$ cat structure-v7.cif   # mmCIF, C-alpha atoms, pLDDT in the B column; chains and numbers go by the auth columns
data_run
#
loop_
_atom_site.group_PDB
_atom_site.id
_atom_site.type_symbol
_atom_site.label_atom_id
_atom_site.label_comp_id
_atom_site.label_asym_id
_atom_site.label_seq_id
_atom_site.Cartn_x
_atom_site.Cartn_y
_atom_site.Cartn_z
_atom_site.B_iso_or_equiv
_atom_site.auth_seq_id
_atom_site.auth_asym_id
ATOM 1 C CA MET A 1 0.000 0.000 0.000 52.00 420 A
ATOM 2 C CA ALA A 2 1.364 3.431 -0.961 82.00 421 A
ATOM 3 C CA LYS A 3 1.182 6.256 1.611 83.00 422 A
ATOM 4 C CA GLU A 4 1.372 9.924 0.744 86.00 423 A
ATOM 5 C CA ILE A 5 2.682 12.151 3.545 92.00 424 A
ATOM 6 C CA GLU A 6 3.368 15.690 2.450 93.00 425 A
ATOM 7 C CA HIS A 7 3.861 19.233 3.667 95.00 426 A
ATOM 8 C CA LYS A 8 2.551 22.103 1.544 96.00 427 A
ATOM 9 C CA PHE A 9 3.778 25.715 1.510 98.00 428 A
ATOM 10 C CA THR A 10 3.200 28.962 -0.320 98.00 429 A
ATOM 11 C CA VAL A 11 6.228 30.374 -2.125 98.00 430 A
ATOM 12 C CA LYS A 12 7.825 33.822 -2.172 97.00 431 A
ATOM 13 C CA GLY A 13 9.842 35.134 -5.081 96.00 432 A
ATOM 14 C CA ASP A 14 10.907 33.054 -8.050 96.00 433 A
ATOM 15 C CA GLY A 15 14.323 31.737 -6.982 96.00 434 A
ATOM 16 C CA TYR A 16 13.063 28.182 -7.485 97.00 435 A
ATOM 17 C CA LYS A 17 13.017 28.788 -11.261 97.00 436 A
ATOM 18 C CA LEU A 18 16.812 28.869 -11.355 97.00 437 A
ATOM 19 C CA LEU A 19 17.025 25.343 -9.906 97.00 438 A
ATOM 20 C CA SER A 20 14.982 23.309 -12.389 97.00 439 A
ATOM 21 C CA SER A 21 13.290 23.266 -15.789 97.00 440 A
ATOM 22 C CA PRO A 22 9.491 23.121 -15.664 98.00 441 A
ATOM 23 C CA THR A 23 7.184 20.438 -17.023 98.00 442 A
ATOM 24 C CA LEU A 24 3.668 21.357 -18.139 98.00 443 A
ATOM 25 C CA TYR A 25 0.912 19.490 -16.288 98.00 444 A
ATOM 26 C CA ARG A 26 -2.777 19.238 -17.102 98.00 445 A
ATOM 27 C CA GLN A 27 -5.017 17.428 -14.675 97.00 446 A
ATOM 28 C CA GLY A 28 -8.663 16.906 -13.881 97.00 447 A
ATOM 29 C CA TYR A 29 -10.820 15.020 -11.434 95.00 448 A
ATOM 30 C CA ILE A 30 -13.467 12.357 -11.957 95.00 449 A
ATOM 31 C CA PRO A 31 -16.380 12.957 -9.577 90.00 450 A
ATOM 32 C CA THR A 32 -16.761 10.532 -6.664 90.00 451 A
ATOM 33 C CA GLN A 33 -19.299 10.287 -3.859 83.00 452 A
ATOM 34 C CA ASN A 34 -17.216 8.645 -1.146 82.00 453 A
ATOM 35 C CA GLY A 35 -14.604 11.315 -0.380 80.00 454 A
ATOM 36 C CA MET A 36 -12.018 9.579 -2.528 89.00 455 A
ATOM 37 C CA THR A 37 -10.110 11.539 -5.184 91.00 456 A
ATOM 38 C CA VAL A 38 -9.641 10.192 -8.698 96.00 457 A
ATOM 39 C CA ARG A 39 -7.206 12.297 -10.715 97.00 458 A
ATOM 40 C CA VAL A 40 -6.264 12.061 -14.382 98.00 459 A
ATOM 41 C CA ARG A 41 -3.017 13.800 -15.298 98.00 460 A
ATOM 42 C CA ILE A 42 -0.806 14.513 -18.259 98.00 461 A
ATOM 43 C CA ALA A 43 2.750 15.393 -17.207 98.00 462 A
ATOM 44 C CA GLY A 44 4.838 16.327 -20.204 97.00 463 A
ATOM 45 C CA GLU A 45 4.292 13.413 -22.599 97.00 464 A
ATOM 46 C CA LYS A 46 3.002 10.850 -20.072 98.00 465 A
ATOM 47 C CA GLY A 47 -0.477 10.046 -18.786 98.00 466 A
ATOM 48 C CA PHE A 48 -1.430 8.918 -15.274 98.00 467 A
ATOM 49 C CA VAL A 49 -4.470 7.993 -13.215 98.00 468 A
ATOM 50 C CA THR A 50 -4.295 8.359 -9.423 96.00 469 A
ATOM 51 C CA PHE A 51 -6.592 7.183 -6.627 95.00 470 A
ATOM 52 C CA LYS A 52 -6.390 8.838 -3.188 92.00 471 A
ATOM 53 C CA ASP A 53 -8.491 8.266 -0.095 90.00 472 A
ATOM 54 C CA LYS A 54 -9.303 10.758 2.658 84.00 473 A
ATOM 55 C CA THR A 55 -6.439 12.499 4.421 79.00 474 A
ATOM 56 C CA VAL A 56 -5.893 11.631 8.085 78.00 475 A
ATOM 57 C CA GLY A 57 -3.423 14.053 9.655 75.00 476 A
ATOM 58 C CA MET A 58 -0.948 14.523 6.829 76.00 477 A
ATOM 59 C CA SER A 59 -1.273 10.985 5.435 84.00 478 A
ATOM 60 C CA ARG A 60 -3.447 9.212 2.926 87.00 479 A
ATOM 61 C CA ASN A 61 -3.303 6.173 0.705 92.00 480 A
ATOM 62 C CA GLU A 62 -2.318 6.933 -2.872 93.00 481 A
ATOM 63 C CA PHE A 63 -2.096 4.649 -5.901 95.00 482 A
ATOM 64 C CA GLU A 64 -0.806 6.050 -9.202 96.00 483 A
ATOM 65 C CA TYR A 65 -0.545 4.252 -12.530 97.00 484 A
ATOM 66 C CA GLU A 66 0.868 5.300 -15.882 98.00 485 A
ATOM 67 C CA ILE A 67 -1.669 5.051 -18.703 98.00 486 A
ATOM 68 C CA PRO A 68 -1.391 5.763 -22.444 98.00 487 A
ATOM 69 C CA ILE A 69 -1.371 9.519 -23.066 98.00 488 A
ATOM 70 C CA GLN A 70 -4.262 9.208 -25.563 98.00 489 A
ATOM 71 C CA ASP A 71 -6.371 7.567 -22.851 98.00 490 A
ATOM 72 C CA ALA A 72 -5.479 10.385 -20.422 98.00 491 A
ATOM 73 C CA LYS A 73 -6.451 13.032 -23.015 98.00 492 A
ATOM 74 C CA GLN A 74 -9.778 11.337 -23.687 98.00 493 A
ATOM 75 C CA MET A 75 -10.519 10.949 -19.958 98.00 494 A
ATOM 76 C CA LEU A 76 -9.687 14.626 -19.323 98.00 495 A
ATOM 77 C CA ASP A 77 -11.926 15.692 -22.204 97.00 496 A
ATOM 78 C CA THR A 78 -14.893 13.429 -21.452 97.00 497 A
ATOM 79 C CA MET A 79 -14.859 12.198 -17.831 96.00 498 A
ATOM 80 C CA CYS A 80 -13.278 14.961 -15.727 95.00 499 A
ATOM 81 C CA ASN A 81 -15.047 17.987 -14.310 92.00 500 A
ATOM 82 C CA LYS A 82 -14.253 21.427 -15.681 91.00 501 A
ATOM 83 C CA PRO A 83 -12.406 23.660 -15.101 91.00 502 A
ATOM 84 C CA GLN A 84 -9.194 21.689 -14.896 95.00 503 A
ATOM 85 C CA ILE A 85 -5.754 22.459 -13.507 97.00 504 A
ATOM 86 C CA GLU A 86 -2.889 23.600 -15.678 98.00 505 A
ATOM 87 C CA LYS A 87 0.472 24.323 -14.123 98.00 506 A
ATOM 88 C CA TYR A 88 4.211 24.222 -14.539 98.00 507 A
ATOM 89 C CA ARG A 89 5.966 21.903 -12.108 98.00 508 A
ATOM 90 C CA TYR A 90 9.565 22.359 -11.030 98.00 509 A
ATOM 91 C CA ILE A 91 11.212 19.381 -9.289 98.00 510 A
ATOM 92 C CA ILE A 92 14.081 20.435 -7.038 97.00 511 A
ATOM 93 C CA PRO A 93 16.230 18.101 -4.922 96.00 512 A
ATOM 94 C CA ALA A 94 16.025 18.845 -1.184 96.00 513 A
ATOM 95 C CA LYS A 95 19.148 18.994 0.979 93.00 514 A
ATOM 96 C CA GLU A 96 18.090 15.728 2.595 91.00 515 A
ATOM 97 C CA ASP A 97 18.874 12.597 0.573 88.00 516 A
ATOM 98 C CA GLY A 98 15.895 11.123 -1.224 92.00 517 A
ATOM 99 C CA LEU A 99 13.600 14.109 -0.680 96.00 518 A
ATOM 100 C CA LYS A 100 12.525 16.570 -3.340 97.00 519 A
ATOM 101 C CA TRP A 101 10.526 19.762 -3.576 98.00 520 A
ATOM 102 C CA GLU A 102 7.743 19.979 -6.152 98.00 521 A
ATOM 103 C CA VAL A 103 6.922 23.612 -6.929 98.00 522 A
ATOM 104 C CA ASP A 104 3.707 24.230 -8.866 98.00 523 A
ATOM 105 C CA GLU A 105 3.220 27.516 -10.702 98.00 524 A
ATOM 106 C CA PHE A 106 -0.460 27.574 -11.622 98.00 525 A
ATOM 107 C CA LEU A 107 -1.923 28.880 -14.879 98.00 526 A
ATOM 108 C CA GLY A 108 -5.407 29.904 -16.036 95.00 527 A
ATOM 109 C CA ASP A 109 -7.937 30.610 -13.269 95.00 528 A
ATOM 110 C CA ASN A 110 -5.249 29.855 -10.678 96.00 529 A
ATOM 111 C CA ALA A 111 -2.543 32.107 -12.186 97.00 530 A
ATOM 112 C CA GLY A 112 -0.513 33.900 -9.530 96.00 531 A
ATOM 113 C CA LEU A 113 -0.595 30.979 -7.084 97.00 532 A
ATOM 114 C CA VAL A 114 2.678 29.134 -6.468 98.00 533 A
ATOM 115 C CA VAL A 115 2.733 26.192 -4.043 98.00 534 A
ATOM 116 C CA ALA A 116 5.610 23.927 -2.980 98.00 535 A
ATOM 117 C CA GLU A 117 5.223 20.421 -1.574 97.00 536 A
ATOM 118 C CA ILE A 118 7.676 18.027 -0.034 97.00 537 A
ATOM 119 C CA GLU A 119 6.721 14.374 0.381 94.00 538 A
ATOM 120 C CA VAL A 120 8.279 12.682 3.402 95.00 539 A
ATOM 121 C CA PRO A 121 8.521 9.017 4.514 93.00 540 A
ATOM 122 C CA THR A 122 7.054 9.676 8.004 91.00 541 A
ATOM 123 C CA GLU A 123 5.172 12.506 9.684 88.00 542 A
ATOM 124 C CA GLU A 124 8.191 12.972 11.983 91.00 543 A
ATOM 125 C CA THR A 125 10.732 13.411 9.159 93.00 544 A
ATOM 126 C CA LYS A 126 12.731 16.649 9.503 94.00 545 A
ATOM 127 C CA PHE A 127 13.762 18.696 6.475 96.00 546 A
ATOM 128 C CA SER A 128 15.284 22.092 5.719 95.00 547 A
ATOM 129 C CA PHE A 129 13.566 25.038 4.071 96.00 548 A
ATOM 130 C CA PRO A 130 14.848 26.788 0.944 97.00 549 A
ATOM 131 C CA GLU A 131 14.769 30.606 1.080 97.00 550 A
ATOM 132 C CA TRP A 132 11.764 30.715 -1.276 98.00 551 A
ATOM 133 C CA ILE A 133 9.447 28.866 1.133 98.00 552 A
ATOM 134 C CA TYR A 134 6.996 31.287 2.732 98.00 553 A
ATOM 135 C CA LYS A 135 4.112 29.867 4.804 97.00 554 A
ATOM 136 C CA GLU A 136 2.962 26.333 5.603 97.00 555 A
ATOM 137 C CA VAL A 137 -0.550 25.584 4.352 97.00 556 A
ATOM 138 C CA THR A 138 -0.602 21.828 5.005 93.00 557 A
ATOM 139 C CA GLY A 139 -4.155 20.928 5.963 89.00 558 A
ATOM 140 C CA ASP A 140 -5.719 24.037 4.357 94.00 559 A
ATOM 141 C CA LYS A 141 -7.925 22.289 1.822 91.00 560 A
ATOM 142 C CA LYS A 142 -8.335 25.354 -0.414 95.00 561 A
ATOM 143 C CA TYR A 143 -4.762 24.713 -1.631 96.00 562 A
ATOM 144 C CA ASN A 144 -5.602 21.156 -2.767 93.00 563 A
ATOM 145 C CA ASN A 145 -5.607 20.875 -6.544 94.00 564 A
ATOM 146 C CA SER A 146 -9.025 19.209 -6.450 91.00 565 A
ATOM 147 C CA GLN A 147 -10.376 22.247 -4.580 93.00 566 A
ATOM 148 C CA LEU A 148 -8.644 24.723 -6.905 95.00 567 A
ATOM 149 C CA CYS A 149 -10.842 23.306 -9.684 93.00 568 A
ATOM 150 C CA LYS A 150 -13.960 24.184 -7.674 91.00 569 A
ATOM 151 C CA ASN A 151 -12.741 27.427 -6.082 94.00 570 A
ATOM 152 C CA PRO A 152 -9.944 28.861 -8.252 95.00 571 A
ATOM 153 C CA TYR A 153 -7.373 31.300 -6.897 96.00 572 A
ATOM 154 C CA LYS A 154 -8.822 34.180 -8.949 95.00 573 A
ATOM 155 C CA GLU A 155 -12.007 33.902 -6.841 94.00 574 A
ATOM 156 C CA TRP A 156 -10.244 34.143 -3.479 94.00 575 A
ATOM 157 C CA LYS A 157 -10.624 37.386 -1.588 78.00 576 A
ATOM 158 C CA LYS A 158 -7.247 39.059 -1.550 63.00 577 A
#

$ encode --input "structure-v7.cif" --output "structure tokens"
Amino acid sequence: MAKEIEHKFTVKGDGYKLLSSPTLYRQGYIPTQNGMTVRVRIAGEKGFVTFKDKTVGMSRNEFEYEIPIQDAKQMLDTMCNKPQIEKYRYIIPAKEDGLKWEVDEFLGDNAGLVVAEIEVPTEETKFSFPEWIYKEVTGDKKYNNSQLCKNPYKEWKK
């Protein structure tokens, strides 16, 4: 069973852009009625489907599978709710071995929002913060990609 344990942060400045080349992501969500998340994603030239259950603390079960990109395109076009997420993702190695930062620079209705995540093996894992990390938003559901489809950043009160 795969566990996802991650911390999420807002980002200040754009220093992260000097550390990695971005990959364009497009993703959408298939509606469910049991609190589970079903995500379809195209990352660069690859397609994926991901199943996640409810978050408990910072952890949840996650299962991700590569699928043919044509299948992912068709699922995004016909099965996923609109609007969908488009973003550039920068993957940056963390100072700690085996850890990496994923920085998402959102486009479209979520333009202007930049969020960084670090996935850790346990909830107790310690890690260092790059200078571009601003504020922890782990647990604030409005920063979840599935919620950004329903309540995009452009609609937030500034």

$ resolve_selection --input "structure-v7.cif" --expression "the PyMOL selection byres ((chain A and resi 471) around 9)" --output "number ranges by chain"
A: 423, 455-458, 469-470, 472-474, 479-483

$ closest_residue --input "structure-v7.cif" --among "A:Ile486, A:Leu437, A:Met477, A:Ile449" --to "A:Ile461" --atoms "only C-alpha atoms"
A:Ile486

$ closest_residue --input "structure-v7.cif" --among "A:Lys501, A:Lys506, A:Arg445, A:Lys519" --to "A:Glu425" --atoms "only C-alpha atoms"
A:Lys519

$ closest_residue --input "structure-v7.cif" --among "A:Phe428, A:Trp551, A:Lys576, A:Leu443" --to "A:Ala535" --atoms "only C-alpha atoms"
A:Phe428

$ residues_around --input "structure-v7.cif" --residues "stretch 553-555 of chain A" --least-positions-apart "6" --cutoff "6 Å" --atoms "all atoms listed in the file" --output "VMD selection string"
chain A and resid 427 to 431
